[in-house]
Each structure stands twice: as C-alpha cells, then as structure tokens.
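> Sharing a structure below in structure tokens format, with a few things to ask.
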Amino acid sequence: MIDLKFDSQGLLTAVVQDANTKQVLMLAMMNAEAVERTQETRQAHFWSRSRKCLWLKGETSGNRMDVQDIRIDCDGDAILLLVEPRGPACHTGETSCFYTEME
Ligand SMILES: [Zn+2]
C-alpha cells in the first residue's frame, strides 16, 4: 500500500475518468477529508481551492459521480477516480472539462 503524499497545502491532484468509456472527465484537488469521504460514501468529494471548502460533486447540480474504483499514482501524489457520472462532469454542461482543443 502506497501512502498518500499530500503537498504543502495538504492537497493532492485527482484525475477523474469515466469507468466505462475511459474518457477523462475532470481534474480536481482532494485533501485527506475528501479522500476519506469519497471512500466512505463512494461519491466523489473534492476540496475547492477557490471556496476553501469540502465539496460533494453534484451537491447542487445533481450530477454526482458514483465511484467504482480508486487508484493511487506510483508516487502517491495523485489519485485516479473511476466513476459512473450521473450527468456532465463540467459545470458548462459538457461531458468532460477537456472539450477545448489547443490551437
Ligand atoms: Zn469543467
């Protein structure tokens, strides 16, 4: 078991991927509490750096993410959530946050 390595602000990066289509959906930050809550509830929780609070994905939009599997990066400094999304991952309504192609 790899220990999670949180950065100096107590955070690590979370990549969120659709468990079925394998599409990369979004990137977010997690603190220890977000990891615990996600494990306990199997619902994706993150830490909002802008609002400085724990955040249940889909709390207001209803677009929750049912977590199927949690994987840890080889260095322990990033986490991968494999989820079944109940709606678009992005607040814009796009399926994935990565809908913009760089020119
Ligand atoms: Zn987005």
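Residues are referred to by chain and number: the chain letter is A, B, ... according to the order shown in the structure tokens, the number counts from 1 in that chain, and ligands are numbered separately from 1 in the order shown.
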Write out as a list in words each polymer residue (protein, DNA or RNA) that has an atom no more than 6 Å from ligand 1, with only C-alpha atoms and all ligand atoms counted.

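The distance check yields Cys90, His91 and Cys97 of chain A.
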
> With C-alpha atoms retained, write the just-selected residues as a compact mmCIF listing (two decimals), in the first residue's frame.


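Written output follows (again.txt):
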```
# COMPACT_ATOMS: atom_id res chain seq x y z
CA CYS A 90 -18.29 20.07 -16.35
CA HIS A 91 -20.30 22.99 -15.00
CA CYS A 97 -13.94 19.53 -18.83
```

> Enumerate as a ChimeraX atom specification all residues of chain A assigned to strand (DSSP E or B) by DSSP on the backbone, naming them with the chain letters and numbers the document uses.

/A:12-18,24-30,43,45-48,53-56,65-72,78-85

> From the list A:His45, A:Lys57, A:Arg71, A:Arg51, which residue is nearest A:Arg86 when using only C-alpha atoms?

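Nearest to A:Arg86: A:Lys57.
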
> Write out as a list in words which residues come within 12 Å of A:Met29 when counting only C-alpha atoms, dropping same-chain ones fewer than 6 positions away.

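Residues near the query, excluding close chain neighbours: Phe6, Asp7, Gln9, Gly10, Leu11, Leu12, Thr13, Ala14, Val15, Val16, Val35, Ala44, His45, Phe46, Trp47, Ser48, Arg49, Ser50, Lys52, Cys53, Leu54, Trp55, Lys57, Asp77, Ala78, Ile79, Leu80 and Leu81 of chain A.
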
> Near stretch 20-24 of chain A, counting only C-alpha atoms, which residues have an atom at most 9 Å away, once you skip same-chain residues fewer than 6 positions from it, shown as an MDAnalysis selection string?

chainID A and resid 82:84 96:98

> Restrict the selected residues to N, CA and C atoms and save them as a tab-separated table (two decimals), in the first residue's frame.


```
chain	number	residue	atom	x	y	z
A	82	LEU	N	-12.24	6.31	-10.79
A	82	LEU	CA	-13.00	5.74	-11.90
A	82	LEU	C	-14.46	5.79	-11.49
A	83	VAL	N	-15.24	6.54	-12.25
A	83	VAL	CA	-16.60	6.85	-11.81
A	83	VAL	C	-17.64	6.53	-12.87
A	84	GLU	N	-18.87	6.41	-12.38
A	84	GLU	CA	-20.02	6.42	-13.28
A	84	GLU	C	-20.73	7.74	-13.03
A	96	SER	N	-17.08	16.28	-20.50
A	96	SER	CA	-15.74	16.37	-19.91
A	96	SER	C	-15.32	17.83	-19.85
A	97	CYS	N	-14.48	18.17	-18.88
A	97	CYS	CA	-13.94	19.53	-18.83
A	97	CYS	C	-12.96	19.78	-19.97
A	98	PHE	N	-12.45	18.71	-20.56
A	98	PHE	CA	-11.41	18.85	-21.59
A	98	PHE	C	-12.00	18.85	-22.99
```

> For A:Asn63, please output as a ChimeraX atom specification all residues within 10 Å (counting only C-alpha atoms; exclusion window: fewer than 3 positions along the same chain).

/A:56-60,66,85-91,93

> Taking the DSSP secondary structure from the backbone, can you list the residues of chain A that are alpha helix (DSSP H), as a list in words?

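Output for chain A, alpha helix (DSSP H) only: Ala32, Glu33, Ala34, Val35, Glu36, Arg37, Thr38, Gln39, Glu40 and Thr41 of chain A.
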
> Could you work out how far atom CA of A:Asp75 lies from atom CA of A:Thr100, giving the answer in Å with one decimal?

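One can read the atom CA of A:Thr100 to atom CA of A:Asp75 distance as 29.0 Å.
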
> Please determine, counting only C-alpha atoms, which residue among A:Asn31, A:Gly76, A:Leu25, A:Glu94 has the shortest atom-to-atom distance to A:Ser8.

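Looking only at the distances to A:Ser8, the closest residue turns out to be A:Asn31.
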